[in-house]
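Below: one structure, written as structure tokens.
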Amino acid sequence: MRSISRVADVSINTVTKLLVDAGETCLALHDELVRDVKSERVQIDEIWSFCYAKAKNVADAKAAPDGAGDVWTWTALDADSKLMVSYFVGDRSGESALIIADDLRDRVASERVQITTDGHNAYRAAMEEAFGADADYATIEKTYKTDPAAARGRYSPPICTGVKKHTVEGNPDQAHISTSYVERSNLSIRMQNRRFTRLTNAFSKKFENHVHALALYFMFYNFVRVHKTLRMSPALAAGVSQTLWTMEDIANRIEARTAKSAKRGPYKKRAPKA
């Protein structure tokens, strides 16, 4: 953000305000456009990040804002069109699981959908309350090899040694019980959002800015970015859009939604206090 402010020769506050306006517009556009999705298979997962400080450090942090600590982004991906049908930013509680499940139910038009999640306990109660017996629901449980080096503080991903599939509700197709696509989507989120980069100081400092940045990313991912395999945007593949959007289209929507502000005078630097 500071690099952009230097390149464009504007205040960092201007960049921040633009990000807020973009985020609010993209949240509204997703809520309006991603409806009546004819999806047959949906994969749900959650990805970790943090705002201001990690949860274990919030108590000792200086002036930690509301929302500081661990932040989880819940994502529901259509396995066929790769459309991000629903997403929610919150904690890893059962309440957040119910929010993503309810939102998914409201956006899917199919009479019956197959849903796959990992073994996180919060999913079972959420899916039962949101879908009941109207969905084929299964979970996938992975086992990992214990790495002695990781116990000594080495940072490295664990090695998966096995996968178990469990049918929870209905009659899900065993061949399509998988979370591979949504996990690959999580990789894209982490690779294309600087705020998710580990072991840096690029993490979000405010929860609201974290949400707005993700809203802009998901709008770009669904409507603008051409999927390499599909050779079209996920929105086109899912039928929720008839055209391929551009970033200019999003910018025009932001401008139309945001009231024109009064012309500001030249920026005046404040004299340092004695």
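FYI, nothing fancy with the structure tokens labels: chains A, B, ... in order, residues from 1 per chain, ligands from 1 as they appear.
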Among segment 77-148 of chain A, which ones does DSSP place in strand (DSSP E or B), written as a ChimeraX atom specification?
/A:77-78,84-90,108,113-118,135-145
Contacts between segment 42-65 of chain A and segment 156-221 of chain A, please, where a residue of segment 156-221 of chain A counts if it comes within 8 Å (with only C-alpha atoms); show its shortest atom pair and distance in Å to one decimal, rows by chain and ascending number, as a Markdown table.
| residue | atom | partner | partner_atom | distance |
| --- | --- | --- | --- | --- |
| A:Ser178 | CA | A:Gln43 | CA | 7.3 |
| A:Thr179 | CA | A:Gln43 | CA | 5.5 |
| A:Tyr181 | CA | A:Gln43 | CA | 7.3 |
| A:Val182 | CA | A:Gln43 | CA | 5.9 |
| A:Glu183 | CA | A:Asp45 | CA | 7.1 |
| A:Asn186 | CA | A:Ile47 | CA | 6.4 |
| A:Phe196 | CA | A:Ser49 | CA | 6.0 |
| A:Phe203 | CA | A:Cys51 | CA | 6.3 |
| A:Ser204 | CA | A:Cys51 | CA | 4.9 |
| A:Lys205 | CA | A:Tyr52 | CA | 4.3 |
| A:Lys206 | CA | A:Cys51 | CA | 6.1 |
| A:Phe207 | CA | A:Cys51 | CA | 6.0 |
| A:His210 | CA | A:Cys51 | CA | 7.6 |
Nearest residue to Phe218 of chain A from the set A:Arg35, A:Val71, A:Lys82, A:Leu98 (distances using only C-alpha atoms)
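Checking each candidate against Phe218 of chain A, we get A:Lys82 as the closest.
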Excluding Ile140 of chain A and its own-chain neighbours fewer than 4 positions away, which residues fall within 9 Å of it when counting only C-alpha atoms? Please give them as a list in words.
Thr116, Thr117, Asp118, Gly119, Val163, Lys164, Lys165, His166, Thr167, Ile177, Ser178 and Thr179 of chain A
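Among the candidates A:Ser86, A:Thr25, A:Asn13, A:Ser5, the residue lying nearest to His212 of chain A is A:Thr25 (atoms considered: only C-alpha atoms).
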Show which residues sit within 9 Å of Ala22 of chain A, as a list in words. Count only C-alpha atoms, and ignore same-chain residues fewer than 5 positions away.
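Near neighbours after the sequence-gap exclusion: Lys17, Leu27, His212, Ala213, Ala215, Leu216, Ile250, Ala251, Arg253, Ile254 and Glu255 of chain A.
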N, CA and C atoms of the current selection, written as a PDB file, in the first residue's frame:
ATOM      1  N   LYS A  17      -8.539   4.384   1.933  1.00  0.00           N
ATOM      2  CA  LYS A  17      -9.952   4.656   1.653  1.00  0.00           C
ATOM      3  C   LYS A  17     -10.412   3.964   0.379  1.00  0.00           C
ATOM      4  N   LEU A  27     -18.049  -6.751  -1.786  1.00  0.00           N
ATOM      5  CA  LEU A  27     -18.936  -7.511  -0.910  1.00  0.00           C
ATOM      6  C   LEU A  27     -20.376  -7.437  -1.424  1.00  0.00           C
ATOM      7  N   HIS A 212     -11.884  -6.571   3.489  1.00  0.00           N
ATOM      8  CA  HIS A 212     -12.009  -5.833   2.241  1.00  0.00           C
ATOM      9  C   HIS A 212     -11.024  -6.337   1.184  1.00  0.00           C
ATOM     10  N   ALA A 213      -9.813  -6.644   1.601  1.00  0.00           N
ATOM     11  CA  ALA A 213      -8.826  -7.164   0.657  1.00  0.00           C
ATOM     12  C   ALA A 213      -9.278  -8.505   0.087  1.00  0.00           C
ATOM     13  N   ALA A 215     -12.413  -9.546  -0.163  1.00  0.00           N
ATOM     14  CA  ALA A 215     -13.576  -9.316  -1.020  1.00  0.00           C
ATOM     15  C   ALA A 215     -13.136  -8.908  -2.422  1.00  0.00           C
ATOM     16  N   LEU A 216     -12.131  -8.046  -2.507  1.00  0.00           N
ATOM     17  CA  LEU A 216     -11.606  -7.630  -3.809  1.00  0.00           C
ATOM     18  C   LEU A 216     -10.972  -8.809  -4.534  1.00  0.00           C
ATOM     19  N   ILE A 250     -14.874  -3.383 -12.535  1.00  0.00           N
ATOM     20  CA  ILE A 250     -14.976  -3.301 -11.076  1.00  0.00           C
ATOM     21  C   ILE A 250     -14.763  -1.863 -10.618  1.00  0.00           C
ATOM     22  N   ALA A 251     -13.768  -1.196 -11.209  1.00  0.00           N
ATOM     23  CA  ALA A 251     -13.496   0.198 -10.845  1.00  0.00           C
ATOM     24  C   ALA A 251     -14.701   1.087 -11.125  1.00  0.00           C
ATOM     25  N   ARG A 253     -17.819   0.142 -11.094  1.00  0.00           N
ATOM     26  CA  ARG A 253     -18.827  -0.158 -10.075  1.00  0.00           C
ATOM     27  C   ARG A 253     -18.481   0.537  -8.761  1.00  0.00           C
ATOM     28  N   ILE A 254     -17.181   0.567  -8.426  1.00  0.00           N
ATOM     29  CA  ILE A 254     -16.756   1.254  -7.202  1.00  0.00           C
ATOM     30  C   ILE A 254     -17.084   2.743  -7.292  1.00  0.00           C
ATOM     31  N   GLU A 255     -16.780   3.328  -8.445  1.00  0.00           N
ATOM     32  CA  GLU A 255     -17.027   4.753  -8.633  1.00  0.00           C
ATOM     33  C   GLU A 255     -18.512   5.070  -8.596  1.00  0.00           C
TER      34      GLU A 255
END
As a list in words, please: the residues near Lys38 of chain A (cut-off 12 Å, only C-alpha atoms, same-chain neighbours under 6 positions excluded).
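Answer for this query is Asp78, Ala79, Asp80, Ser81, Leu83, Val85, Leu104, Arg105, Asp106, Arg107, Val108, Ala109, Ser110, Glu111, Arg112, Val113, Gln114, Ala235, Ala237, Ala238, Gly239 and Val240 of chain A.
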Could you save those same residues with N, CA and C atoms as a PDB file, in the first residue's frame?
ATOM      1  N   ASP A  78     -17.284 -24.369  -5.781  1.00  0.00           N
ATOM      2  CA  ASP A  78     -17.941 -25.315  -6.679  1.00  0.00           C
ATOM      3  C   ASP A  78     -16.872 -26.134  -7.390  1.00  0.00           C
ATOM      4  N   ALA A  79     -16.942 -27.454  -7.290  1.00  0.00           N
ATOM      5  CA  ALA A  79     -15.891 -28.318  -7.815  1.00  0.00           C
ATOM      6  C   ALA A  79     -15.823 -28.332  -9.331  1.00  0.00           C
ATOM      7  N   ASP A  80     -16.907 -28.017 -10.018  1.00  0.00           N
ATOM      8  CA  ASP A  80     -16.936 -28.070 -11.475  1.00  0.00           C
ATOM      9  C   ASP A  80     -16.509 -26.747 -12.110  1.00  0.00           C
ATOM     10  N   SER A  81     -17.150 -25.655 -11.714  1.00  0.00           N
ATOM     11  CA  SER A  81     -16.843 -24.352 -12.320  1.00  0.00           C
ATOM     12  C   SER A  81     -15.718 -23.627 -11.608  1.00  0.00           C
ATOM     13  N   LEU A  83     -16.057 -21.871  -9.091  1.00  0.00           N
ATOM     14  CA  LEU A  83     -16.604 -20.617  -8.588  1.00  0.00           C
ATOM     15  C   LEU A  83     -16.548 -20.605  -7.069  1.00  0.00           C
ATOM     16  N   VAL A  85     -18.394 -19.874  -4.346  1.00  0.00           N
ATOM     17  CA  VAL A  85     -19.816 -19.634  -4.140  1.00  0.00           C
ATOM     18  C   VAL A  85     -20.052 -18.791  -2.890  1.00  0.00           C
ATOM     19  N   LEU A 104     -24.236 -20.635   1.968  1.00  0.00           N
ATOM     20  CA  LEU A 104     -24.138 -21.553   0.832  1.00  0.00           C
ATOM     21  C   LEU A 104     -25.509 -22.059   0.422  1.00  0.00           C
ATOM     22  N   ARG A 105     -26.321 -22.416   1.408  1.00  0.00           N
ATOM     23  CA  ARG A 105     -27.678 -22.913   1.113  1.00  0.00           C
ATOM     24  C   ARG A 105     -28.493 -21.872   0.347  1.00  0.00           C
ATOM     25  N   ASP A 106     -28.342 -20.606   0.693  1.00  0.00           N
ATOM     26  CA  ASP A 106     -29.112 -19.545   0.046  1.00  0.00           C
ATOM     27  C   ASP A 106     -28.641 -19.260  -1.375  1.00  0.00           C
ATOM     28  N   ARG A 107     -27.423 -19.652  -1.724  1.00  0.00           N
ATOM     29  CA  ARG A 107     -26.867 -19.315  -3.041  1.00  0.00           C
ATOM     30  C   ARG A 107     -26.950 -20.471  -4.046  1.00  0.00           C
ATOM     31  N   VAL A 108     -27.139 -21.683  -3.573  1.00  0.00           N
ATOM     32  CA  VAL A 108     -27.176 -22.851  -4.459  1.00  0.00           C
ATOM     33  C   VAL A 108     -28.608 -23.115  -4.899  1.00  0.00           C
ATOM     34  N   ALA A 109     -28.800 -23.290  -6.219  1.00  0.00           N
ATOM     35  CA  ALA A 109     -30.137 -23.501  -6.769  1.00  0.00           C
ATOM     36  C   ALA A 109     -30.445 -24.983  -6.985  1.00  0.00           C
ATOM     37  N   SER A 110     -29.443 -25.847  -6.936  1.00  0.00           N
ATOM     38  CA  SER A 110     -29.658 -27.268  -7.192  1.00  0.00           C
ATOM     39  C   SER A 110     -30.545 -27.876  -6.108  1.00  0.00           C
ATOM     40  N   GLU A 111     -31.393 -28.844  -6.518  1.00  0.00           N
ATOM     41  CA  GLU A 111     -32.274 -29.491  -5.558  1.00  0.00           C
ATOM     42  C   GLU A 111     -31.482 -30.281  -4.526  1.00  0.00           C
ATOM     43  N   ARG A 112     -30.372 -30.846  -4.954  1.00  0.00           N
ATOM     44  CA  ARG A 112     -29.550 -31.622  -4.032  1.00  0.00           C
ATOM     45  C   ARG A 112     -28.088 -31.437  -4.415  1.00  0.00           C
ATOM     46  N   VAL A 113     -27.247 -31.169  -3.431  1.00  0.00           N
ATOM     47  CA  VAL A 113     -25.843 -30.901  -3.676  1.00  0.00           C
ATOM     48  C   VAL A 113     -24.995 -31.810  -2.800  1.00  0.00           C
ATOM     49  N   GLN A 114     -23.868 -32.245  -3.333  1.00  0.00           N
ATOM     50  CA  GLN A 114     -22.932 -33.036  -2.554  1.00  0.00           C
ATOM     51  C   GLN A 114     -21.888 -32.102  -1.949  1.00  0.00           C
ATOM     52  N   ALA A 235     -17.096 -17.453 -13.030  1.00  0.00           N
ATOM     53  CA  ALA A 235     -18.455 -16.914 -13.132  1.00  0.00           C
ATOM     54  C   ALA A 235     -19.094 -17.278 -14.464  1.00  0.00           C
ATOM     55  N   ALA A 237     -18.228 -19.927 -16.287  1.00  0.00           N
ATOM     56  CA  ALA A 237     -18.414 -21.381 -16.265  1.00  0.00           C
ATOM     57  C   ALA A 237     -19.641 -21.778 -15.452  1.00  0.00           C
ATOM     58  N   ALA A 238     -19.926 -21.014 -14.399  1.00  0.00           N
ATOM     59  CA  ALA A 238     -21.072 -21.333 -13.542  1.00  0.00           C
ATOM     60  C   ALA A 238     -22.365 -20.728 -14.052  1.00  0.00           C
ATOM     61  N   GLY A 239     -22.286 -19.832 -15.015  1.00  0.00           N
ATOM     62  CA  GLY A 239     -23.479 -19.223 -15.582  1.00  0.00           C
ATOM     63  C   GLY A 239     -24.027 -18.048 -14.799  1.00  0.00           C
ATOM     64  N   VAL A 240     -23.261 -17.512 -13.844  1.00  0.00           N
ATOM     65  CA  VAL A 240     -23.744 -16.357 -13.087  1.00  0.00           C
ATOM     66  C   VAL A 240     -23.347 -15.047 -13.768  1.00  0.00           C
TER      67      VAL A 240
END
Hey, can you check how far atom CA of Ser39 of chain A sits from atom CA of Tyr137 of chain A?
14.0 Å
Who sits within 8 Å of Met84 of chain A, only C-alpha atoms, same chain under 4 positions skipped, as a PyMOL selection string:
chain A and resi 75-78+218+222+234
Writer output for current selection, all heavy atoms, as a tab-separated table (two decimals), in the first residue's frame:
chain	number	residue	atom	x	y	z
A	75	THR	N	-14.21	-20.90	3.01
A	75	THR	CA	-14.50	-20.82	1.58
A	75	THR	C	-15.28	-22.05	1.13
A	75	THR	O	-14.98	-23.18	1.53
A	75	THR	CB	-13.21	-20.71	0.75
A	75	THR	OG1	-12.35	-21.83	1.04
A	75	THR	CG2	-12.46	-19.43	1.07
A	76	ALA	N	-16.29	-21.81	0.27
A	76	ALA	CA	-17.10	-22.88	-0.32
A	76	ALA	C	-16.95	-22.79	-1.83
A	76	ALA	O	-17.41	-21.83	-2.45
A	76	ALA	CB	-18.56	-22.75	0.09
A	77	LEU	N	-16.31	-23.78	-2.42
A	77	LEU	CA	-15.94	-23.76	-3.84
A	77	LEU	C	-16.73	-24.80	-4.63
A	77	LEU	O	-16.85	-25.96	-4.20
A	77	LEU	CB	-14.44	-24.05	-3.98
A	77	LEU	CG	-13.84	-23.92	-5.38
A	77	LEU	CD1	-13.53	-22.47	-5.68
A	77	LEU	CD2	-12.57	-24.76	-5.49
A	78	ASP	N	-17.28	-24.37	-5.78
A	78	ASP	CA	-17.94	-25.32	-6.68
A	78	ASP	C	-16.87	-26.13	-7.39
A	78	ASP	O	-15.98	-25.58	-8.05
A	78	ASP	CB	-18.80	-24.57	-7.69
A	78	ASP	CG	-19.42	-25.50	-8.71
A	78	ASP	OD1	-20.02	-26.51	-8.30
A	78	ASP	OD2	-19.29	-25.23	-9.92
A	218	PHE	N	-11.69	-12.08	-4.20
A	218	PHE	CA	-12.68	-13.04	-4.65
A	218	PHE	C	-13.48	-12.51	-5.83
A	218	PHE	O	-13.89	-13.28	-6.70
A	218	PHE	CB	-13.62	-13.43	-3.50
A	218	PHE	CG	-12.98	-14.33	-2.48
A	218	PHE	CD1	-13.00	-14.01	-1.13
A	218	PHE	CD2	-12.35	-15.49	-2.88
A	218	PHE	CE1	-12.41	-14.84	-0.19
A	218	PHE	CE2	-11.74	-16.33	-1.94
A	218	PHE	CZ	-11.78	-16.00	-0.60
A	222	ASN	N	-13.45	-14.63	-9.25
A	222	ASN	CA	-14.68	-15.16	-9.83
A	222	ASN	C	-15.01	-14.59	-11.20
A	222	ASN	O	-15.45	-15.31	-12.09
A	222	ASN	CB	-15.87	-14.89	-8.89
A	222	ASN	CG	-16.00	-15.93	-7.80
A	222	ASN	OD1	-15.45	-17.02	-7.89
A	222	ASN	ND2	-16.72	-15.58	-6.75
A	234	PRO	N	-14.51	-18.39	-13.64
A	234	PRO	CA	-15.44	-19.26	-12.94
A	234	PRO	C	-16.89	-18.78	-13.02
A	234	PRO	O	-17.82	-19.59	-13.09
A	234	PRO	CB	-14.92	-19.23	-11.50
A	234	PRO	CG	-13.46	-18.98	-11.63
A	234	PRO	CD	-13.35	-18.04	-12.79
